[in-house]
Amino acid sequence: MKFAVVSLLVAALSVATTATCKHNHHNGRDASSSELPSEADSSSSSSSSSSSSVASETESVSVAPSPTGSTSAIWQPAVGTSWQIVLSSPLSDTSVDAEVYDIDLFDNTAATISSVHSAGRKVICYFSAGTYENWRPDQSEFLASDMGKALDGWPGEKWLGVTSANVRTIMQQRLDLAKTKGCDGVDPDNVDGYDNDNGLGLTQSDAIDYVNWLASEAHSRGMSVGLKNAGDIISSVIDNMQWSVNEQCAQYDECDTYAAFPNKGKPVFHIEYPKGDNTNNSNNVSASQLKSACVFSDSASFSTLIKNMDLDSWFQLCS
């Protein structure tokens, strides 16, 4: 964003007032809905219960793992890799001709993931690494002391203390579940609590430590991992990431920040929501909306999708 100083100050104030909605996360399910865990989910939840029962209080973890080094054995998608993301419900349409599907870890079965693999595609499994969601099958494993403030506009969610040993144990179990289900990589959301009113005093340093730790844990299970939004910490974590998942960098004129990924041979899986927060339908966006979402510096290096805000199966490509 290369404007005059006055414009920068105005923009900064504008962004500060919309920090939570600017980097919208998507949990794939209305918090008021119920979810019956699959057999694999139940197993994970049971394992989580036995592990976390020994933790009577939240412990703080301050170990910053060293860089994971060579990840040559880990799947590294190429810049420009095509993709589809569906988080609003279990995946039902696997006919979309995309190289990668990003789908919810809990809502989808190992059989679904296997069917995507059988078509020669890779699967990224989404879960929230930075928020408590009260409808997930392992929600009872979180301690009250793990939780901060509620997320504005996202009922049933609270920010998590990412230095908590208990939180990290639960995330290890989620990564175990992802490996068991056959996920090729993971999409851990909401790692930018430091940029929101989280009620826990989270800092960028906390996020850097946590994201690098998640990368080490994912890599040790043979899975890739990406950074979700959190542009402020890119330089401190990019060497351990295989991609970026970004929302709305065109809308907020931030795509130059995320260009660091294709500059290192790593894709940006990029989403724009031109229809806004409350319109979810199968209609294509206008030509002007499409141009605003798709035309920016280095846009040819981004894997851009136009999506509905609820991240259902509808999508539109830039061309």
# chains A, B, ... in the order shown; residues from 1 in each chain; ligands from 1
call {"tool": "residues_around", "arguments": {"residues": "Thr109 of chain A", "least_positions_apart": "2", "cutoff": "9 Å", "atoms": "only C-alpha atoms", "output": "NGL selection string"}}
result
:A and (38 or 40 or 90 or 105-107 or 111-114 or 181)
call {"tool": "closest_atom_pairs", "arguments": {"of": "segment 157-243 of chain A", "to": "segment 262-267 of chain A", "cutoff": "10 Å", "atoms": "only C-alpha atoms", "output": "CSV"}}
result
residue,atom,partner,partner_atom,distance
A:Gly226,CA,A:Pro267,CA,9.6
A:Ile238,CA,A:Lys264,CA,8.7
A:Asp239,CA,A:Lys264,CA,8.8
A:Met241,CA,A:Lys266,CA,8.4
A:Gln242,CA,A:Lys266,CA,6.0
A:Trp243,CA,A:Pro267,CA,5.1
call {"tool": "write_last_selection", "arguments": {"atoms": "N, CA and C atoms", "output": "mmCIF file, in the first residue's frame"}}
result
data_model
loop_
_atom_site.group_PDB
_atom_site.id
_atom_site.type_symbol
_atom_site.label_atom_id
_atom_site.label_comp_id
_atom_site.auth_asym_id
_atom_site.auth_seq_id
_atom_site.Cartn_x
_atom_site.Cartn_y
_atom_site.Cartn_z
ATOM 1 N N GLY A 226 0.175 -24.868 5.767
ATOM 2 C CA GLY A 226 0.201 -23.519 5.218
ATOM 3 C C GLY A 226 -0.108 -22.484 6.269
ATOM 4 N N ILE A 238 7.825 -18.459 6.950
ATOM 5 C CA ILE A 238 7.646 -18.904 5.566
ATOM 6 C C ILE A 238 8.517 -20.100 5.206
ATOM 7 N N ASP A 239 9.691 -20.190 5.797
ATOM 8 C CA ASP A 239 10.570 -21.316 5.449
ATOM 9 C C ASP A 239 9.978 -22.657 5.872
ATOM 10 N N MET A 241 6.598 -23.177 5.899
ATOM 11 C CA MET A 241 5.284 -23.282 5.274
ATOM 12 C C MET A 241 5.415 -23.808 3.841
ATOM 13 N N GLN A 242 4.397 -24.524 3.379
ATOM 14 C CA GLN A 242 4.362 -24.989 1.985
ATOM 15 C C GLN A 242 3.440 -24.127 1.120
ATOM 16 N N TRP A 243 2.626 -23.295 1.733
ATOM 17 C CA TRP A 243 1.729 -22.412 0.989
ATOM 18 C C TRP A 243 1.151 -21.371 1.939
#
call {"tool": "residues_around", "arguments": {"residues": "Lys275 of chain A", "least_positions_apart": "4", "cutoff": "8 Å", "atoms": "only C-alpha atoms", "output": "PyMOL selection string"}}
result
chain A and resi 279-280+285+308-309
call {"tool": "residues_around", "arguments": {"residues": "Asp232 of chain A", "least_positions_apart": "6", "cutoff": "9 Å", "atoms": "only C-alpha atoms", "output": "list of chain:residue names"}}
result
A:Asp192, A:Gln204, A:Thr257
call {"tool": "write_last_selection", "arguments": {"atoms": "N, CA, C and O atoms", "output": "short mmCIF file (atom, residue, chain, number, x, y, z; two decimals), in the first residue's frame"}}
result
data_model
loop_
_atom_site.label_atom_id
_atom_site.label_comp_id
_atom_site.auth_asym_id
_atom_site.auth_seq_id
_atom_site.Cartn_x
_atom_site.Cartn_y
_atom_site.Cartn_z
N ASP A 192 -3.89 -15.65 13.87
CA ASP A 192 -3.61 -14.23 13.98
C ASP A 192 -4.37 -13.58 15.13
O ASP A 192 -4.80 -12.43 15.05
N GLN A 204 2.61 -11.25 18.50
CA GLN A 204 3.16 -11.82 17.27
C GLN A 204 4.18 -12.90 17.59
O GLN A 204 4.25 -13.92 16.89
N THR A 257 2.15 -8.25 0.11
CA THR A 257 2.70 -8.93 1.29
C THR A 257 2.77 -10.43 1.07
O THR A 257 3.78 -11.08 1.39
#
call {"tool": "atom_distance", "arguments": {"atom1": "atom CA of Phe269 of chain A", "atom2": "atom CA of Ala287 of chain A"}}
result
21.5 Å
call {"tool": "residues_around", "arguments": {"residues": "Leu311 of chain A", "least_positions_apart": "5", "cutoff": "7 Å", "atoms": "only C-alpha atoms", "output": "PyMOL selection string"}}
result
chain A and resi 85-88
call {"tool": "write_last_selection", "arguments": {"atoms": "all heavy atoms", "output": "JSON list (two decimals), in the first residue's frame"}}
result
[["chain", "number", "residue", "atom", "x", "y", "z"],
["A", 85, "ILE", "N", -12.19, -24.99, -2.32],
["A", 85, "ILE", "CA", -12.37, -25.03, -0.87],
["A", 85, "ILE", "C", -13.85, -25.10, -0.56],
["A", 85, "ILE", "O", -14.65, -24.31, -1.08],
["A", 85, "ILE", "CB", -11.69, -23.82, -0.18],
["A", 85, "ILE", "CG1", -11.89, -23.90, 1.35],
["A", 85, "ILE", "CG2", -12.17, -22.49, -0.75],
["A", 85, "ILE", "CD1", -11.01, -22.91, 2.12],
["A", 86, "VAL", "N", -14.23, -26.06, 0.29],
["A", 86, "VAL", "CA", -15.62, -26.25, 0.72],
["A", 86, "VAL", "C", -15.61, -26.53, 2.22],
["A", 86, "VAL", "O", -15.10, -27.57, 2.66],
["A", 86, "VAL", "CB", -16.30, -27.43, -0.02],
["A", 86, "VAL", "CG1", -17.72, -27.63, 0.50],
["A", 86, "VAL", "CG2", -16.30, -27.19, -1.52],
["A", 87, "LEU", "N", -16.15, -25.60, 3.00],
["A", 87, "LEU", "CA", -16.15, -25.76, 4.45],
["A", 87, "LEU", "C", -17.55, -25.74, 5.07],
["A", 87, "LEU", "O", -17.70, -26.01, 6.25],
["A", 87, "LEU", "CB", -15.30, -24.67, 5.12],
["A", 87, "LEU", "CG", -13.82, -24.61, 4.74],
["A", 87, "LEU", "CD1", -13.13, -23.52, 5.54],
["A", 87, "LEU", "CD2", -13.13, -25.95, 4.94],
["A", 88, "SER", "N", -18.57, -25.41, 4.29],
["A", 88, "SER", "CA", -19.90, -25.24, 4.86],
["A", 88, "SER", "C", -20.58, -26.56, 5.20],
["A", 88, "SER", "O", -21.52, -26.58, 5.98],
["A", 88, "SER", "CB", -20.79, -24.44, 3.90],
["A", 88, "SER", "OG", -20.98, -25.16, 2.69]]
call {"tool": "select_by_dssp", "arguments": {"residues": "segment 54-233 of chain A", "states": "helix (DSSP H, G or I)", "output": "mmCIF file with N, CA, C and O atoms, in the first residue's frame"}}
result
data_model
loop_
_atom_site.group_PDB
_atom_site.id
_atom_site.type_symbol
_atom_site.label_atom_id
_atom_site.label_comp_id
_atom_site.auth_asym_id
_atom_site.auth_seq_id
_atom_site.Cartn_x
_atom_site.Cartn_y
_atom_site.Cartn_z
ATOM 1 N N ALA A 110 -12.544 -40.460 6.115
ATOM 2 C CA ALA A 110 -11.386 -40.998 5.406
ATOM 3 C C ALA A 110 -11.795 -41.498 4.025
ATOM 4 O O ALA A 110 -11.023 -41.391 3.064
ATOM 5 N N ALA A 111 -13.015 -42.016 3.906
ATOM 6 C CA ALA A 111 -13.496 -42.509 2.612
ATOM 7 C C ALA A 111 -13.643 -41.366 1.615
ATOM 8 O O ALA A 111 -13.318 -41.519 0.427
ATOM 9 N N THR A 112 -14.125 -40.226 2.083
ATOM 10 C CA THR A 112 -14.240 -39.056 1.204
ATOM 11 C C THR A 112 -12.866 -38.629 0.718
ATOM 12 O O THR A 112 -12.661 -38.350 -0.474
ATOM 13 N N ILE A 113 -11.918 -38.553 1.630
ATOM 14 C CA ILE A 113 -10.562 -38.146 1.263
ATOM 15 C C ILE A 113 -9.945 -39.141 0.296
ATOM 16 O O ILE A 113 -9.284 -38.763 -0.678
ATOM 17 N N SER A 114 -10.200 -40.419 0.511
ATOM 18 C CA SER A 114 -9.695 -41.447 -0.395
ATOM 19 C C SER A 114 -10.280 -41.291 -1.796
ATOM 20 O O SER A 114 -9.580 -41.484 -2.796
ATOM 21 N N SER A 115 -11.544 -40.890 -1.864
ATOM 22 C CA SER A 115 -12.172 -40.719 -3.176
ATOM 23 C C SER A 115 -11.558 -39.547 -3.931
ATOM 24 O O SER A 115 -11.431 -39.586 -5.158
ATOM 25 N N VAL A 116 -11.174 -38.510 -3.210
ATOM 26 C CA VAL A 116 -10.490 -37.378 -3.839
ATOM 27 C C VAL A 116 -9.112 -37.816 -4.322
ATOM 28 O O VAL A 116 -8.682 -37.475 -5.434
ATOM 29 N N HIS A 117 -8.429 -38.586 -3.505
ATOM 30 C CA HIS A 117 -7.119 -39.112 -3.905
ATOM 31 C C HIS A 117 -7.216 -39.987 -5.149
ATOM 32 O O HIS A 117 -6.339 -39.954 -6.017
ATOM 33 N N SER A 118 -8.270 -40.755 -5.236
ATOM 34 C CA SER A 118 -8.405 -41.678 -6.364
ATOM 35 C C SER A 118 -8.556 -40.948 -7.682
ATOM 36 O O SER A 118 -8.314 -41.520 -8.752
ATOM 37 N N GLN A 139 -14.471 -30.499 21.902
ATOM 38 C CA GLN A 139 -14.598 -29.211 22.583
ATOM 39 C C GLN A 139 -14.487 -29.325 24.102
ATOM 40 O O GLN A 139 -14.017 -28.400 24.769
ATOM 41 N N SER A 140 -14.884 -30.459 24.659
ATOM 42 C CA SER A 140 -14.862 -30.603 26.119
ATOM 43 C C SER A 140 -13.446 -30.723 26.672
ATOM 44 O O SER A 140 -13.252 -30.630 27.894
ATOM 45 N N GLU A 141 -12.472 -30.916 25.817
ATOM 46 C CA GLU A 141 -11.090 -31.083 26.278
ATOM 47 C C GLU A 141 -10.413 -29.752 26.601
ATOM 48 O O GLU A 141 -9.372 -29.723 27.267
ATOM 49 N N ALA A 144 -11.178 -23.902 30.767
ATOM 50 C CA ALA A 144 -11.654 -22.517 30.809
ATOM 51 C C ALA A 144 -10.486 -21.547 30.717
ATOM 52 O O ALA A 144 -10.587 -20.483 30.087
ATOM 53 N N SER A 145 -9.360 -21.911 31.310
ATOM 54 C CA SER A 145 -8.192 -21.028 31.295
ATOM 55 C C SER A 145 -7.506 -20.979 29.937
ATOM 56 O O SER A 145 -6.633 -20.137 29.713
ATOM 57 N N ASP A 146 -7.898 -21.871 29.017
ATOM 58 C CA ASP A 146 -7.364 -21.828 27.651
ATOM 59 C C ASP A 146 -8.008 -20.729 26.814
ATOM 60 O O ASP A 146 -7.478 -20.355 25.772
ATOM 61 N N ALA A 165 -0.137 -25.608 27.106
ATOM 62 C CA ALA A 165 0.247 -26.995 26.844
ATOM 63 C C ALA A 165 -0.970 -27.845 26.514
ATOM 64 O O ALA A 165 -0.903 -28.760 25.685
ATOM 65 N N ASN A 166 -2.094 -27.551 27.170
ATOM 66 C CA ASN A 166 -3.310 -28.313 26.904
ATOM 67 C C ASN A 166 -3.810 -28.069 25.492
ATOM 68 O O ASN A 166 -4.200 -29.007 24.779
ATOM 69 N N VAL A 167 -3.805 -26.807 25.047
ATOM 70 C CA VAL A 167 -4.212 -26.486 23.676
ATOM 71 C C VAL A 167 -3.322 -27.226 22.689
ATOM 72 O O VAL A 167 -3.802 -27.811 21.703
ATOM 73 N N ARG A 168 -2.040 -27.241 22.936
ATOM 74 C CA ARG A 168 -1.121 -27.892 21.996
ATOM 75 C C ARG A 168 -1.313 -29.410 21.969
ATOM 76 O O ARG A 168 -1.188 -30.030 20.906
ATOM 77 N N THR A 169 -1.647 -29.979 23.111
ATOM 78 C CA THR A 169 -1.950 -31.410 23.131
ATOM 79 C C THR A 169 -3.170 -31.716 22.261
ATOM 80 O O THR A 169 -3.178 -32.686 21.484
ATOM 81 N N ILE A 170 -4.192 -30.884 22.362
ATOM 82 C CA ILE A 170 -5.400 -31.068 21.545
ATOM 83 C C ILE A 170 -5.065 -30.916 20.066
ATOM 84 O O ILE A 170 -5.555 -31.682 19.217
ATOM 85 N N MET A 171 -4.230 -29.956 19.721
ATOM 86 C CA MET A 171 -3.850 -29.765 18.325
ATOM 87 C C MET A 171 -3.016 -30.939 17.810
ATOM 88 O O MET A 171 -3.148 -31.336 16.640
ATOM 89 N N GLN A 172 -2.189 -31.526 18.656
ATOM 90 C CA GLN A 172 -1.469 -32.733 18.253
ATOM 91 C C GLN A 172 -2.441 -33.857 17.930
ATOM 92 O O GLN A 172 -2.258 -34.615 16.957
ATOM 93 N N GLN A 173 -3.495 -33.971 18.721
ATOM 94 C CA GLN A 173 -4.497 -35.004 18.469
ATOM 95 C C GLN A 173 -5.267 -34.718 17.182
ATOM 96 O O GLN A 173 -5.620 -35.647 16.450
ATOM 97 N N ARG A 174 -5.502 -33.459 16.882
ATOM 98 C CA ARG A 174 -6.148 -33.125 15.612
ATOM 99 C C ARG A 174 -5.230 -33.471 14.437
ATOM 100 O O ARG A 174 -5.706 -33.954 13.393
ATOM 101 N N LEU A 175 -3.953 -33.227 14.602
ATOM 102 C CA LEU A 175 -3.005 -33.598 13.542
ATOM 103 C C LEU A 175 -2.935 -35.119 13.394
ATOM 104 O O LEU A 175 -2.806 -35.633 12.272
ATOM 105 N N ASP A 176 -3.021 -35.839 14.505
ATOM 106 C CA ASP A 176 -3.079 -37.301 14.425
ATOM 107 C C ASP A 176 -4.305 -37.743 13.627
ATOM 108 O O ASP A 176 -4.236 -38.672 12.813
ATOM 109 N N LEU A 177 -5.431 -37.086 13.876
ATOM 110 C CA LEU A 177 -6.659 -37.409 13.152
ATOM 111 C C LEU A 177 -6.494 -37.121 11.664
ATOM 112 O O LEU A 177 -6.929 -37.910 10.811
ATOM 113 N N ALA A 178 -5.862 -36.003 11.344
ATOM 114 C CA ALA A 178 -5.631 -35.650 9.942
ATOM 115 C C ALA A 178 -4.766 -36.704 9.253
ATOM 116 O O ALA A 178 -5.042 -37.113 8.117
ATOM 117 N N LYS A 179 -3.743 -37.163 9.950
ATOM 118 C CA LYS A 179 -2.885 -38.205 9.376
ATOM 119 C C LYS A 179 -3.671 -39.498 9.188
ATOM 120 O O LYS A 179 -3.577 -40.157 8.145
ATOM 121 N N THR A 180 -4.474 -39.864 10.188
ATOM 122 C CA THR A 180 -5.263 -41.089 10.111
ATOM 123 C C THR A 180 -6.249 -41.055 8.952
ATOM 124 O O THR A 180 -6.460 -42.061 8.264
ATOM 125 N N LYS A 181 -6.832 -39.887 8.707
ATOM 126 C CA LYS A 181 -7.813 -39.767 7.625
ATOM 127 C C LYS A 181 -7.167 -39.672 6.248
ATOM 128 O O LYS A 181 -7.862 -39.782 5.238
ATOM 129 N N GLY A 193 -4.513 -14.299 16.233
ATOM 130 C CA GLY A 193 -5.193 -13.740 17.397
ATOM 131 C C GLY A 193 -4.556 -12.460 17.895
ATOM 132 O O GLY A 193 -5.236 -11.584 18.433
ATOM 133 N N TYR A 194 -3.258 -12.316 17.711
ATOM 134 C CA TYR A 194 -2.541 -11.113 18.146
ATOM 135 C C TYR A 194 -3.100 -9.846 17.496
ATOM 136 O O TYR A 194 -2.946 -8.748 18.036
ATOM 137 N N ASP A 195 -3.728 -9.990 16.337
ATOM 138 C CA ASP A 195 -4.244 -8.853 15.573
ATOM 139 C C ASP A 195 -5.711 -8.581 15.889
ATOM 140 O O ASP A 195 -6.362 -7.812 15.201
ATOM 141 N N GLN A 204 2.612 -11.248 18.500
ATOM 142 C CA GLN A 204 3.157 -11.818 17.272
ATOM 143 C C GLN A 204 4.181 -12.898 17.585
ATOM 144 O O GLN A 204 4.247 -13.918 16.893
ATOM 145 N N SER A 205 4.974 -12.699 18.625
ATOM 146 C CA SER A 205 5.962 -13.716 19.002
ATOM 147 C C SER A 205 5.288 -15.028 19.376
ATOM 148 O O SER A 205 5.787 -16.115 19.035
ATOM 149 N N ASP A 206 4.151 -14.937 20.067
ATOM 150 C CA ASP A 206 3.384 -16.146 20.393
ATOM 151 C C ASP A 206 2.946 -16.854 19.116
ATOM 152 O O ASP A 206 3.025 -18.087 19.013
ATOM 153 N N ALA A 207 2.459 -16.075 18.162
ATOM 154 C CA ALA A 207 1.975 -16.655 16.906
ATOM 155 C C ALA A 207 3.108 -17.304 16.119
ATOM 156 O O ALA A 207 2.947 -18.389 15.554
ATOM 157 N N ILE A 208 4.255 -16.642 16.073
ATOM 158 C CA ILE A 208 5.403 -17.193 15.346
ATOM 159 C C ILE A 208 5.821 -18.526 15.947
ATOM 160 O O ILE A 208 6.029 -19.517 15.235
ATOM 161 N N ASP A 209 5.933 -18.560 17.268
ATOM 162 C CA ASP A 209 6.308 -19.805 17.946
ATOM 163 C C ASP A 209 5.283 -20.905 17.669
ATOM 164 O O ASP A 209 5.642 -22.052 17.378
ATOM 165 N N TYR A 210 4.005 -20.551 17.735
ATOM 166 C CA TYR A 210 2.937 -21.530 17.560
ATOM 167 C C TYR A 210 2.892 -22.061 16.133
ATOM 168 O O TYR A 210 2.783 -23.282 15.913
ATOM 169 N N VAL A 211 2.988 -21.177 15.162
ATOM 170 C CA VAL A 211 2.920 -21.610 13.763
ATOM 171 C C VAL A 211 4.117 -22.479 13.404
ATOM 172 O O VAL A 211 3.977 -23.506 12.716
ATOM 173 N N ASN A 212 5.306 -22.108 13.869
ATOM 174 C CA ASN A 212 6.473 -22.957 13.606
ATOM 175 C C ASN A 212 6.354 -24.296 14.320
ATOM 176 O O ASN A 212 6.779 -25.334 13.790
ATOM 177 N N TRP A 213 5.762 -24.291 15.497
ATOM 178 C CA TRP A 213 5.514 -25.549 16.212
ATOM 179 C C TRP A 213 4.510 -26.414 15.449
ATOM 180 O O TRP A 213 4.734 -27.626 15.288
ATOM 181 N N LEU A 214 3.424 -25.820 14.969
ATOM 182 C CA LEU A 214 2.452 -26.571 14.166
ATOM 183 C C LEU A 214 3.110 -27.168 12.927
ATOM 184 O O LEU A 214 2.823 -28.314 12.550
ATOM 185 N N ALA A 215 3.999 -26.411 12.306
ATOM 186 C CA ALA A 215 4.701 -26.917 11.123
ATOM 187 C C ALA A 215 5.550 -28.123 11.475
ATOM 188 O O ALA A 215 5.540 -29.141 10.762
ATOM 189 N N SER A 216 6.284 -28.034 12.572
ATOM 190 C CA SER A 216 7.118 -29.156 12.998
ATOM 191 C C SER A 216 6.283 -30.394 13.285
ATOM 192 O O SER A 216 6.638 -31.515 12.890
ATOM 193 N N GLU A 217 5.142 -30.188 13.946
ATOM 194 C CA GLU A 217 4.255 -31.310 14.273
ATOM 195 C C GLU A 217 3.633 -31.911 13.008
ATOM 196 O O GLU A 217 3.530 -33.146 12.875
ATOM 197 N N ALA A 218 3.203 -31.077 12.086
ATOM 198 C CA ALA A 218 2.624 -31.581 10.839
ATOM 199 C C ALA A 218 3.674 -32.333 10.023
ATOM 200 O O ALA A 218 3.423 -33.439 9.520
ATOM 201 N N HIS A 219 4.860 -31.752 9.890
ATOM 202 C CA HIS A 219 5.922 -32.381 9.105
ATOM 203 C C HIS A 219 6.332 -33.717 9.700
ATOM 204 O O HIS A 219 6.628 -34.673 8.969
ATOM 205 N N SER A 220 6.350 -33.807 11.028
ATOM 206 C CA SER A 220 6.744 -35.063 11.671
ATOM 207 C C SER A 220 5.735 -36.172 11.396
ATOM 208 O O SER A 220 6.060 -37.355 11.541
ATOM 209 N N GLY A 231 -0.342 -11.973 7.751
ATOM 210 C CA GLY A 231 0.731 -11.439 6.924
ATOM 211 C C GLY A 231 1.886 -10.848 7.704
ATOM 212 O O GLY A 231 3.024 -10.824 7.218
ATOM 213 N N ASP A 232 1.633 -10.392 8.938
ATOM 214 C CA ASP A 232 2.680 -9.770 9.742
ATOM 215 C C ASP A 232 3.815 -10.724 10.102
ATOM 216 O O ASP A 232 4.920 -10.275 10.407
ATOM 217 N N ILE A 233 3.543 -12.025 10.107
ATOM 218 C CA ILE A 233 4.566 -12.970 10.584
ATOM 219 C C ILE A 233 5.167 -13.806 9.455
ATOM 220 O O ILE A 233 5.922 -14.741 9.719
#
call {"tool": "atom_distance", "arguments": {"atom1": "atom CA of Gly199 of chain A", "atom2": "atom CA of Val237 of chain A"}}
result
24.2 Å
call {"tool": "select_by_dssp", "arguments": {"residues": "segment 119-317 of chain A", "states": "strand (DSSP E or B)", "output": "PyMOL selection string"}}
result
chain A and resi 122-128+131-133+147-150+157-160+164+185-189+224-228+243-247+268-272+302-307+315-317
call {"tool": "atom_distance", "arguments": {"atom1": "atom CA of Gly80 of chain A", "atom2": "atom CA of Gly130 of chain A"}}
result
27.6 Å
call {"tool": "closest_residue", "arguments": {"among": "A:Asn284, A:Ile103, A:Gly276, A:Cys255", "to": "Asp298 of chain A", "atoms": "only C-alpha atoms"}}
result
A:Cys255
call {"tool": "residues_around", "arguments": {"residues": "Ala250 of chain A", "least_positions_apart": "2", "cutoff": "8 Å", "atoms": "only C-alpha atoms", "output": "ChimeraX atom specification"}}
result
/A:248,252-255,272,292-294,296
call {"tool": "closest_residue", "arguments": {"among": "A:Val100, A:Leu143, A:Ala259, A:Leu317", "to": "Ile271 of chain A", "atoms": "only C-alpha atoms"}}
result
A:Leu317
